[in-house]
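Next comes structure20.txt, with compact mmCIF, C-alpha atoms.
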```
# COMPACT_ATOMS: atom_id res chain seq x y z
CA MET A 1155 -32.38 -3.74 -44.66
CA THR A 1156 -29.90 -3.25 -41.82
CA THR A 1157 -28.96 0.25 -40.76
CA VAL A 1158 -25.47 1.15 -39.59
CA ASN A 1159 -25.12 3.40 -36.60
CA PRO A 1160 -22.07 5.65 -37.22
CA ASN A 1161 -21.63 6.23 -33.48
CA SER A 1162 -21.59 2.56 -32.52
CA SER A 1163 -17.78 2.35 -32.44
CA LEU A 1164 -17.46 5.18 -29.90
CA PRO A 1165 -16.91 4.08 -26.29
CA ARG A 1166 -20.04 4.28 -24.18
CA ARG A 1167 -19.97 6.90 -21.45
CA SER A 1168 -19.97 5.23 -18.05
CA ARG A 1169 -22.68 6.12 -15.57
CA TRP A 1170 -20.25 5.54 -12.70
CA PRO A 1171 -19.69 8.82 -10.74
CA ALA A 1172 -16.37 10.44 -11.64
CA ALA A 1173 -15.52 11.02 -7.97
CA LEU A 1174 -15.79 7.27 -7.28
CA ARG A 1175 -13.32 6.12 -9.94
CA ARG A 1176 -10.89 3.44 -8.86
CA ARG A 1177 -7.61 5.37 -9.04
CA PRO A 1178 -8.38 8.33 -6.72
CA MET A 1179 -10.24 6.07 -4.30
CA GLU A 1180 -7.30 3.63 -4.20
CA ALA A 1181 -4.96 6.54 -3.57
CA LEU A 1182 -7.18 7.69 -0.69
CA ALA A 1183 -7.25 4.16 0.78
CA THR A 1184 -3.44 3.95 0.47
CA VAL A 1185 -3.08 7.27 2.31
CA LEU A 1186 -5.38 5.97 5.07
CA ILE A 1187 -3.35 2.75 5.45
CA ALA A 1188 -0.04 4.63 5.52
CA ALA A 1189 -1.46 7.14 8.03
CA GLY A 1190 -2.69 4.27 10.24
CA VAL A 1191 0.72 2.55 10.22
CA LEU A 1192 2.48 5.85 10.99
CA MET A 1193 0.00 6.55 13.81
CA LEU A 1194 0.75 3.11 15.28
CA LEU A 1195 4.51 3.60 15.24
CA GLN A 1196 4.82 7.31 16.16
CA PRO A 1197 6.21 8.28 19.59
CA PHE A 1198 4.34 11.59 20.05
CA ALA A 1199 0.70 11.06 21.12
CA LEU A 1200 -1.04 8.09 22.72
CA VAL A 1201 -4.37 9.17 21.22
CA LEU A 1202 -2.97 8.75 17.68
CA TYR A 1203 -1.79 5.26 18.63
CA THR A 1204 -5.28 4.46 19.98
CA TYR A 1205 -6.97 5.37 16.69
CA SER A 1206 -4.28 3.82 14.44
CA PHE A 1207 -5.97 0.42 14.16
CA ALA A 1208 -9.36 1.91 13.24
CA THR A 1209 -7.71 4.09 10.58
CA THR A 1210 -5.80 1.20 9.01
CA LEU A 1211 -8.83 -1.08 9.15
CA LEU A 1212 -10.87 1.57 7.36
CA GLY A 1213 -8.13 1.94 4.75
CA VAL A 1214 -7.87 -1.81 4.20
CA ALA A 1215 -11.66 -2.23 3.90
CA MET A 1216 -11.81 0.72 1.50
CA PHE A 1217 -8.90 -0.63 -0.59
CA THR A 1218 -10.56 -4.04 -0.87
CA LEU A 1219 -13.86 -2.45 -1.88
CA VAL A 1220 -12.60 0.17 -4.36
CA SER A 1221 -10.30 -2.28 -6.15
CA LYS A 1222 -13.55 -3.64 -7.67
CA PHE A 1223 -14.57 -0.18 -8.96
CA PRO A 1224 -14.25 0.63 -12.69
CA GLU A 1225 -11.26 2.71 -13.89
CA MET B 1403 19.78 -40.88 -33.58
CA ASN B 1404 17.92 -39.96 -30.42
CA GLN B 1405 14.51 -38.56 -31.05
CA MET B 1406 12.51 -36.55 -28.53
CA PRO B 1407 9.16 -38.25 -27.83
CA SER B 1408 6.38 -36.23 -29.40
CA PHE B 1409 3.66 -34.67 -27.25
CA ASP B 1410 1.06 -36.79 -29.02
CA SER B 1411 2.76 -40.02 -28.14
CA ILE B 1412 3.08 -39.02 -24.47
CA SER B 1413 -0.55 -37.89 -24.25
CA THR B 1414 -1.69 -41.01 -26.07
CA ARG B 1415 0.31 -43.19 -23.68
CA ALA B 1416 -1.07 -41.25 -20.67
CA ALA B 1417 -4.61 -41.66 -21.98
CA ALA B 1418 -4.02 -45.37 -22.52
CA ALA B 1419 -2.66 -45.72 -18.97
CA THR B 1420 -5.75 -44.09 -17.40
CA PRO B 1421 -8.08 -46.75 -15.99
CA VAL B 1422 -11.16 -47.21 -18.19
CA ARG B 1423 -13.67 -46.30 -15.45
CA ILE B 1424 -11.88 -42.98 -14.62
CA ALA B 1425 -11.39 -42.16 -18.31
CA ALA B 1426 -15.10 -42.67 -18.94
CA ARG B 1427 -15.97 -40.39 -16.03
CA VAL B 1428 -13.51 -37.62 -17.03
CA ARG B 1429 -14.45 -37.69 -20.72
CA GLY B 1430 -17.81 -36.11 -20.02
CA LEU B 1431 -16.37 -33.11 -18.12
CA SER B 1432 -15.85 -29.64 -19.57
CA ASP B 1433 -12.43 -27.90 -19.52
CA THR B 1434 -13.61 -25.62 -16.69
CA ALA B 1435 -14.76 -28.59 -14.64
CA ILE B 1436 -11.39 -30.33 -15.12
CA ALA B 1437 -9.56 -27.12 -14.14
CA TRP B 1438 -11.68 -26.92 -10.97
CA LEU B 1439 -10.92 -30.59 -10.31
CA PHE B 1440 -7.19 -29.83 -10.34
CA ILE B 1441 -7.25 -26.66 -8.21
CA THR B 1442 -9.80 -27.78 -5.63
CA PRO B 1443 -7.34 -29.79 -3.44
CA THR B 1444 -4.93 -26.81 -3.29
CA MET B 1445 -7.76 -24.43 -2.50
CA LEU B 1446 -9.06 -26.70 0.25
CA LEU B 1447 -5.56 -26.96 1.72
CA LEU B 1448 -5.12 -23.18 1.63
CA LEU B 1449 -8.51 -22.66 3.26
CA ALA B 1450 -7.61 -25.16 5.98
CA ILE B 1451 -4.17 -23.77 6.82
CA ASN B 1452 -4.69 -20.04 6.12
CA LEU B 1453 -8.30 -18.96 6.28
CA PHE B 1454 -9.56 -21.21 9.06
CA PRO B 1455 -6.86 -20.18 11.62
CA LEU B 1456 -7.45 -16.53 10.71
CA ILE B 1457 -11.18 -16.75 11.30
CA TRP B 1458 -10.60 -18.68 14.52
CA THR B 1459 -8.08 -16.08 15.74
CA ILE B 1460 -10.56 -13.27 15.05
CA GLN B 1461 -13.23 -15.19 16.96
CA LEU B 1462 -10.85 -15.86 19.90
CA SER B 1463 -9.88 -12.18 20.06
CA PHE B 1464 -13.38 -11.39 21.37
CA THR B 1465 -13.17 -13.97 24.18
CA ASN B 1466 -11.21 -14.52 27.43
CA TYR B 1467 -10.02 -17.97 26.23
CA ARG B 1468 -6.73 -19.28 27.66
CA ALA B 1469 -5.04 -22.15 25.87
CA ASN B 1470 -3.58 -23.55 29.12
CA ARG B 1471 -7.11 -23.84 30.59
CA PRO B 1472 -9.08 -25.50 27.80
CA ASN B 1473 -11.88 -26.60 30.11
CA ALA B 1474 -12.49 -23.21 31.74
CA PRO B 1475 -15.71 -21.44 30.69
CA VAL B 1476 -15.14 -19.06 27.76
CA ARG B 1477 -16.73 -15.61 28.11
CA ASN B 1478 -17.35 -13.12 25.33
CA VAL B 1479 -15.54 -9.88 26.19
CA GLY B 1480 -16.35 -7.92 23.01
CA LEU B 1481 -13.74 -5.30 22.09
CA GLU B 1482 -12.15 -5.25 25.57
CA HIS B 1483 -8.81 -6.73 24.42
CA TYR B 1484 -8.55 -4.27 21.53
CA GLN B 1485 -9.30 -1.40 23.91
CA THR B 1486 -6.68 -2.64 26.41
CA ILE B 1487 -3.96 -3.05 23.75
CA LEU B 1488 -4.66 0.25 22.03
CA THR B 1489 -4.59 2.28 25.25
CA ASP B 1490 -1.65 0.51 26.94
CA PRO B 1491 1.47 2.76 27.16
CA ASP B 1492 3.69 -0.35 27.51
CA ILE B 1493 2.46 -1.82 24.22
CA TRP B 1494 2.86 1.63 22.67
CA ALA B 1495 6.51 1.59 23.85
CA ARG B 1496 6.97 -1.84 22.20
CA MET B 1497 5.56 -0.39 18.97
CA GLN B 1498 8.08 2.44 19.21
CA ALA B 1499 10.90 -0.07 19.66
CA THR B 1500 9.57 -1.82 16.53
CA ALA B 1501 9.43 1.54 14.70
CA HIS B 1502 13.06 2.30 15.68
CA PHE B 1503 14.14 -1.09 14.37
CA VAL B 1504 12.08 -0.83 11.15
CA PHE B 1505 13.16 2.76 10.38
CA TRP B 1506 16.91 2.27 10.83
CA THR B 1507 17.10 -1.15 9.15
CA ILE B 1508 15.19 0.15 6.11
CA LEU B 1509 17.30 3.31 5.89
CA LEU B 1510 20.63 1.49 6.19
CA GLN B 1511 19.63 -1.38 3.92
CA THR B 1512 18.33 0.96 1.22
CA VAL B 1513 21.38 3.26 1.25
CA ILE B 1514 23.97 0.48 1.42
CA GLY B 1515 22.00 -1.83 -0.90
CA PHE B 1516 21.62 0.84 -3.57
CA ALA B 1517 25.30 1.85 -3.28
CA LEU B 1518 26.38 -1.79 -3.67
CA ALA B 1519 24.03 -2.28 -6.65
CA TYR B 1520 25.45 0.87 -8.27
CA LEU B 1521 28.98 -0.48 -7.85
CA ILE B 1522 28.14 -3.99 -9.07
CA ASP B 1523 26.35 -2.50 -12.10
CA ARG B 1524 29.70 -0.98 -13.23
CA LYS B 1525 30.66 -4.54 -14.33
CA PHE B 1526 34.27 -4.39 -13.17
CA ARG B 1527 36.59 -7.40 -13.32
CA GLY B 1528 35.40 -10.13 -10.95
CA HIS B 1529 32.02 -8.50 -10.30
CA GLY B 1530 30.31 -11.91 -10.51
CA PHE B 1531 32.48 -13.25 -7.70
CA TRP B 1532 31.78 -10.20 -5.51
CA THR B 1533 28.04 -10.41 -6.22
CA THR B 1534 28.02 -14.04 -5.03
CA LEU B 1535 30.05 -13.14 -1.94
CA ILE B 1536 27.71 -10.25 -1.03
CA LEU B 1537 24.64 -12.49 -1.46
CA ILE B 1538 25.83 -15.15 1.03
CA PRO B 1539 24.32 -13.59 4.23
CA MET B 1540 20.87 -13.54 2.64
CA MET B 1541 21.04 -17.28 1.99
CA LEU B 1542 21.81 -18.22 5.60
CA SER B 1543 19.19 -19.33 8.09
CA PRO B 1544 18.21 -16.65 10.68
CA ALA B 1545 18.93 -19.26 13.39
CA VAL B 1546 22.52 -19.63 12.16
CA VAL B 1547 22.96 -15.86 11.79
CA GLY B 1548 21.56 -15.24 15.29
CA ASN B 1549 23.90 -17.80 16.83
CA PHE B 1550 27.10 -16.73 15.16
CA TRP B 1551 26.46 -13.01 15.73
CA THR B 1552 25.98 -13.83 19.42
CA PHE B 1553 29.57 -15.13 19.30
CA LEU B 1554 30.79 -12.15 17.26
CA TYR B 1555 29.32 -9.81 19.89
CA GLN B 1556 31.02 -11.60 22.81
CA PRO B 1557 32.92 -8.93 24.81
CA GLN B 1558 35.91 -11.25 25.57
CA ILE B 1559 36.39 -13.27 22.38
CA GLY B 1560 34.06 -11.59 19.86
CA LEU B 1561 35.48 -10.38 16.57
CA PHE B 1562 33.10 -7.38 16.47
CA ASN B 1563 34.36 -5.98 19.79
CA TYR B 1564 37.94 -6.61 18.66
CA LEU B 1565 37.35 -4.67 15.40
CA VAL B 1566 35.73 -1.74 17.24
CA SER B 1567 38.68 -1.78 19.64
CA PHE B 1568 41.14 -1.87 16.71
CA VAL B 1569 39.50 1.16 15.06
CA SER B 1570 38.63 3.28 18.11
CA GLY B 1571 41.12 2.18 20.75
CA VAL B 1572 38.34 1.33 23.24
CA GLU B 1573 38.95 -1.81 25.34
CA PRO B 1574 37.08 -4.78 23.75
CA ALA B 1575 35.74 -5.98 27.11
CA SER B 1576 34.55 -2.49 28.11
CA PHE B 1577 31.25 -2.69 26.20
CA GLN B 1578 28.60 -5.33 25.56
CA MET B 1579 26.64 -5.01 22.35
CA LEU B 1580 23.86 -7.36 23.49
CA GLY B 1581 23.86 -6.53 27.19
CA ASP B 1582 23.89 -2.74 27.09
CA VAL B 1583 20.58 -0.83 27.10
CA SER B 1584 21.78 1.80 24.63
CA LEU B 1585 23.75 -0.55 22.35
CA SER B 1586 21.44 -3.56 22.06
CA PRO B 1587 18.87 -1.88 19.73
CA TRP B 1588 21.78 -1.06 17.40
CA ALA B 1589 23.18 -4.58 17.71
CA ILE B 1590 20.01 -6.08 16.22
CA ILE B 1591 19.88 -3.36 13.54
CA ILE B 1592 23.48 -4.18 12.48
CA VAL B 1593 22.70 -7.90 12.18
CA ASP B 1594 19.49 -7.40 10.19
CA THR B 1595 21.24 -4.89 7.92
CA TRP B 1596 24.13 -7.32 7.37
CA MET B 1597 21.72 -10.11 6.50
CA TRP B 1598 19.19 -8.31 4.29
CA THR B 1599 21.17 -5.60 2.48
CA PRO B 1600 22.00 -8.10 -0.33
CA TYR B 1601 18.28 -8.55 -0.97
CA VAL B 1602 17.79 -4.79 -1.39
CA MET B 1603 20.91 -4.76 -3.56
CA LEU B 1604 19.40 -7.41 -5.87
CA ILE B 1605 16.16 -5.43 -6.33
CA CYS B 1606 18.07 -2.19 -6.96
CA LEU B 1607 20.35 -4.02 -9.41
CA ALA B 1608 17.26 -5.18 -11.34
CA GLY B 1609 16.13 -1.54 -11.43
CA LEU B 1610 19.52 -0.29 -12.64
CA ARG B 1611 19.75 -2.97 -15.35
CA SER B 1612 16.24 -2.03 -16.59
CA ILE B 1613 17.36 1.49 -17.58
CA PRO B 1614 18.03 1.52 -21.34
CA ASP B 1615 21.53 2.63 -22.43
CA TYR B 1616 20.21 5.08 -25.03
CA ILE B 1617 18.95 7.40 -22.27
CA TYR B 1618 22.49 7.73 -20.92
CA GLU B 1619 23.82 8.14 -24.48
CA ALA B 1620 21.35 11.00 -25.06
CA ALA B 1621 22.44 12.58 -21.77
CA GLU B 1622 26.10 12.27 -22.87
CA VAL B 1623 25.24 14.05 -26.12
CA ASP B 1624 23.65 16.83 -24.05
CA ARG B 1625 26.87 16.97 -22.00
CA ALA B 1626 25.10 16.10 -18.73
CA SER B 1627 27.56 15.51 -15.89
CA ASN B 1628 27.73 12.15 -14.08
CA TRP B 1629 25.97 13.66 -11.06
CA ARG B 1630 23.23 15.13 -13.29
CA GLN B 1631 22.74 11.74 -14.99
CA PHE B 1632 22.48 10.07 -11.59
CA VAL B 1633 19.95 12.57 -10.22
CA SER B 1634 17.85 12.95 -13.39
CA ILE B 1635 17.97 9.42 -14.85
CA THR B 1636 19.27 6.72 -12.51
CA LEU B 1637 17.49 7.70 -9.30
CA PRO B 1638 14.00 8.46 -10.75
CA MET B 1639 14.01 5.31 -12.90
CA CYS B 1640 15.12 3.18 -9.97
CA LEU B 1641 12.65 4.72 -7.51
CA PRO B 1642 9.79 2.20 -8.08
CA PHE B 1643 12.24 -0.65 -7.42
CA ILE B 1644 13.60 1.07 -4.29
CA MET B 1645 10.01 1.61 -3.10
CA LEU B 1646 9.36 -2.09 -3.64
CA ALA B 1647 12.39 -3.05 -1.56
CA VAL B 1648 11.45 -0.56 1.19
CA LEU B 1649 7.89 -1.89 1.40
CA PHE B 1650 8.98 -5.53 1.42
CA ARG B 1651 11.63 -4.98 4.09
CA GLY B 1652 9.13 -2.85 6.05
CA ILE B 1653 6.59 -5.67 6.10
CA GLU B 1654 9.23 -8.27 7.00
CA ASN B 1655 10.82 -6.20 9.77
CA PHE B 1656 7.48 -5.16 11.26
CA LYS B 1657 6.89 -8.83 12.09
CA MET B 1658 10.56 -9.65 12.82
CA PHE B 1659 10.87 -12.36 15.46
CA ASP B 1660 13.46 -15.10 14.91
CA LEU B 1661 16.66 -13.08 14.64
CA VAL B 1662 15.89 -10.77 17.59
CA ASN B 1663 14.62 -13.64 19.74
CA LEU B 1664 17.91 -15.49 19.21
CA LEU B 1665 20.12 -12.45 19.75
CA THR B 1666 18.54 -10.71 22.74
CA ALA B 1667 15.14 -12.35 23.38
CA GLY B 1668 13.82 -8.82 23.89
CA GLY B 1669 16.44 -7.83 26.50
CA PRO B 1670 18.12 -6.27 28.30
CA GLY B 1671 14.89 -5.50 30.17
CA SER B 1672 12.53 -4.81 27.32
CA THR B 1673 14.83 -2.58 25.25
CA THR B 1674 14.69 -4.78 22.16
CA GLU B 1675 11.27 -6.27 22.78
CA LEU B 1676 9.61 -5.86 19.40
CA ALA B 1677 5.85 -6.24 18.92
CA SER B 1678 6.16 -9.88 17.78
CA ILE B 1679 8.14 -10.82 20.91
CA THR B 1680 5.50 -9.16 23.12
CA LEU B 1681 2.89 -11.14 21.22
CA LYS B 1682 4.74 -14.42 21.75
CA ARG B 1683 5.15 -13.67 25.47
CA ALA B 1684 1.44 -12.89 25.88
CA ALA B 1685 0.45 -16.02 23.95
CA PHE B 1686 2.90 -18.66 25.24
CA GLU B 1687 4.27 -17.33 28.54
CA ALA B 1688 1.25 -15.52 30.05
CA TRP B 1689 -1.17 -17.81 28.14
CA ARG B 1690 -3.56 -14.91 27.45
CA THR B 1691 -4.81 -16.45 24.21
CA GLY B 1692 -7.79 -14.10 23.65
CA TYR B 1693 -5.66 -11.03 24.34
CA SER B 1694 -2.79 -12.22 22.12
CA SER B 1695 -5.30 -13.10 19.36
CA ALA B 1696 -6.48 -9.47 19.41
CA PHE B 1697 -2.84 -8.35 19.27
CA ALA B 1698 -2.24 -10.71 16.33
CA VAL B 1699 -5.32 -9.35 14.53
CA ILE B 1700 -4.05 -5.77 14.98
CA MET B 1701 -0.65 -6.73 13.55
CA PHE B 1702 -2.30 -8.70 10.74
CA VAL B 1703 -4.41 -5.70 9.67
CA MET B 1704 -1.30 -3.48 9.65
CA ILE B 1705 0.69 -5.98 7.58
CA PHE B 1706 -2.27 -6.66 5.27
CA GLY B 1707 -2.59 -2.92 4.66
CA LEU B 1708 1.11 -2.61 3.86
CA ALA B 1709 0.88 -5.69 1.62
CA ASN B 1710 -1.92 -4.01 -0.35
CA ILE B 1711 0.33 -1.02 -0.98
CA TYR B 1712 3.17 -3.42 -1.86
CA VAL B 1713 1.07 -5.22 -4.48
CA LYS B 1714 -0.02 -1.89 -5.92
CA ALA B 1715 3.63 -0.75 -6.18
CA LEU B 1716 4.55 -4.11 -7.73
CA ASN B 1717 1.87 -3.67 -10.42
CA GLN B 1718 3.19 -0.18 -11.17
CA VAL B 1719 6.71 -1.59 -11.61
CA LYS B 1720 5.34 -4.35 -13.85
CA ALA B 1721 3.44 -1.82 -15.98
CA ARG B 1722 6.65 0.17 -16.60
```
Using structure tokens, write down the structure from this file.
Amino acid sequence: MTTVNPNSSLPRRSRWPAALRRRPMEALATVLIAAGVLMLLQPFALVLYTYSFATTLLGVAMFTLVSKFPE
Amino acid sequence: MNQMPSFDSISTRAAAATPVRIAARVRGLSDTAIAWLFITPTMLLLLAINLFPLIWTIQLSFTNYRANRPNAPVRNVGLEHYQTILTDPDIWARMQATAHFVFWTILLQTVIGFALAYLIDRKFRGHGFWTTLILIPMMLSPAVVGNFWTFLYQPQIGLFNYLVSFVSGVEPASFQMLGDVSLSPWAIIIVDTWMWTPYVMLICLAGLRSIPDYIYEAAEVDRASNWRQFVSITLPMCLPFIMLAVLFRGIENFKMFDLVNLLTAGGPGSTTELASITLKRAAFEAWRTGYSSAFAVIMFVMIFGLANIYVKALNQVKAR
């Protein structure tokens, strides 16, 4: 005889850490990219210009990685 | 009576026309395998013309390779080129010139483009004709635009100088739009704005037409003023489309080359030398291929980052 599990239709709780969900991580990566571009184009401090590429590269790498994360 | 050929008859005829040996070979393949068979040539072509040059450029950016000395020994210099570019005040100044160009073109194009879209959306008599007329600059080649604006900016015979003289009373020959240090950055901004405002207008028009009428009708019932309707309905609902236009124009203008090269070629001095013109000079005038490859990689990463944000914004607009 087959038994019916009444909870089977409920969505399974994901084990993925809540802090690593796609949306907030994508937002963070977007902020990094935008900050990097602004640092590249700003006229105020050479040091910001120097670190602009590293910031954008980090943002791009992060965006590419987190876009594979679950929602 | 003319009858449309049925799909079956066409597919049957195509199957009959396929040589027996090929048909026998294809018949045993799954749908996925056939799909791969069709997309493989395109993928190979894309890999050859997009991915391979990119990987090669990244590799060259770590070397002292010079394209005009192909037989000279190539030395690995590590991150030296990146360090040089990212600590060079001259390159920083070129980036600021690019920022000035990008900021003002985007601001002017967005404001004028949205205003034009708002007017065209009123659907007055002859709005189709005016829409076509406004769209013409966008359809022209940058080479053509660059050449005829060079004539328009001529101090002696140029129409632009004559118009400024007509409005302000200043002598037409007393100023040079392309030869003056303070005016030339604005000269290229005017041309780019003239050419690309219609594009922004089209995107904003799509945004305005996507707002359902019943929202305005509900606002009318609530006795909302025209200004209130504009601020609370039109602008917020158009914002994703405006963002899209801003991002797209930002990406395009960050790598702007053709128009500026034709108008000023970076001059006078290096007043209008945008990042892409500096890159071209390093690559094909100084022949510093490794150095210019590093510069190209830096610009690529910036544009790739902006493109990621652009795609994200596009998906948000699609989801609306």
My list of candidates is B:Pro1574, B:Pro1587, B:Pro1491, B:Gly1515. Which is closest to chain A when distances are computed with all atoms listed in the file?
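Nearest candidate to chain A out of B:Pro1574, B:Pro1587, B:Pro1491, B:Gly1515: B:Pro1491.
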So, counting all atoms listed in the file, which residue among B:Ser1612, B:Phe1503, B:Thr1465, B:Ile1441 is closest to B:Asp1523?
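Looking at the shortest contact to B:Asp1523, the residue is B:Ser1612.
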Set the cut-off to 6 Å and count only C-alpha atoms: what are the residues of chain A that reach chain B? Output as a count of residues only.
4
Residues proximal to (14.3, -2.3, -0.4) were defined as those with any atom within 8 Å of that point in the file's coordinates, counting all atoms listed in the file. Which are they, as a PyMOL selection string?
chain B and resi 1508+1511-1512+1515+1601-1603+1605-1606+1643-1651
So that I have them on file, write out the residues from the current selection with C-alpha atoms, as a short mmCIF file (atom, residue, chain, number, x, y, z; two decimals), in the frame of the given file.
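The resulting file, again.cif, is shown below:
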```cif
data_model
loop_
_atom_site.label_atom_id
_atom_site.label_comp_id
_atom_site.auth_asym_id
_atom_site.auth_seq_id
_atom_site.Cartn_x
_atom_site.Cartn_y
_atom_site.Cartn_z
CA ILE B 1508 15.19 0.15 6.11
CA GLN B 1511 19.63 -1.38 3.92
CA THR B 1512 18.33 0.96 1.22
CA GLY B 1515 22.00 -1.83 -0.90
CA TYR B 1601 18.28 -8.55 -0.97
CA VAL B 1602 17.79 -4.79 -1.39
CA MET B 1603 20.91 -4.76 -3.56
CA ILE B 1605 16.16 -5.43 -6.33
CA CYS B 1606 18.07 -2.19 -6.96
CA PHE B 1643 12.24 -0.65 -7.42
CA ILE B 1644 13.60 1.07 -4.29
CA MET B 1645 10.01 1.61 -3.10
CA LEU B 1646 9.36 -2.09 -3.64
CA ALA B 1647 12.39 -3.05 -1.56
CA VAL B 1648 11.45 -0.56 1.19
CA LEU B 1649 7.89 -1.89 1.40
CA PHE B 1650 8.98 -5.53 1.42
CA ARG B 1651 11.63 -4.98 4.09
#
```
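Close to (-4.5, 4.2, -0.8), meaning no more than 9 Å away when counting only C-alpha atoms, sit the residues Arg1177, Pro1178, Met1179, Glu1180, Ala1181, Leu1182, Ala1183, Thr1184, Val1185, Leu1186, Ile1187, Ala1188, Gly1213, Val1214, Met1216 and Phe1217 of chain A; Asn1710 and Ile1711 of chain B.
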Between atom CA of B:Met1658 and atom CA of A:Gln1196, what is the distance in Å, rounded to a tenth?
18.2 Å
Would you compute the distance between atom CA of B:Asn1466 and atom CA of B:Gly1692? Give it in Å to one decimal.
5.1 Å
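Of note, atom CA of B:Pro1642 and atom CA of B:Asp1615 are spaced 18.5 Å apart.
Proximity to B:Thr1595 was assessed for B:Val1479, B:Ile1514, B:Ala1677, B:Ala1685 counting all atoms listed in the file; the smallest distance is recorded for B:Ile1514.
Counting only C-alpha atoms, the residue from A:Ser1206, A:Met1193, A:Ser1168, A:Arg1176 that sits nearest to A:Val1220 is A:Arg1176.
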If you count all atoms listed in the file, which residues fall within 10 Å of B:Ala1545, apart from same-chain ones fewer than 4 positions away, as a ChimeraX atom specification?
/B:1549-1550,1660-1665
Excluding B:Tyr1520 and any residue of its chain fewer than 3 positions from it, enumerate the residues within 8 Å of it, using all atoms listed in the file, and give them as a list in words.
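Here the answer would be Phe1516, Ala1517, Asp1523, Arg1524, Leu1607 and Leu1610 of chain B.
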Output C-alpha atoms for every residue in the selection just made, as a PDB file, keeping the file's coordinate frame.
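For reference, again-v4.pdb as written:
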```
ATOM      1  CA  PHE B1516      21.620   0.840  -3.570  1.00  0.00           C
ATOM      2  CA  ALA B1517      25.300   1.850  -3.280  1.00  0.00           C
ATOM      3  CA  ASP B1523      26.350  -2.500 -12.100  1.00  0.00           C
ATOM      4  CA  ARG B1524      29.700  -0.980 -13.230  1.00  0.00           C
ATOM      5  CA  LEU B1607      20.350  -4.020  -9.410  1.00  0.00           C
ATOM      6  CA  LEU B1610      19.520  -0.290 -12.640  1.00  0.00           C
TER       7      LEU B1610
END
```
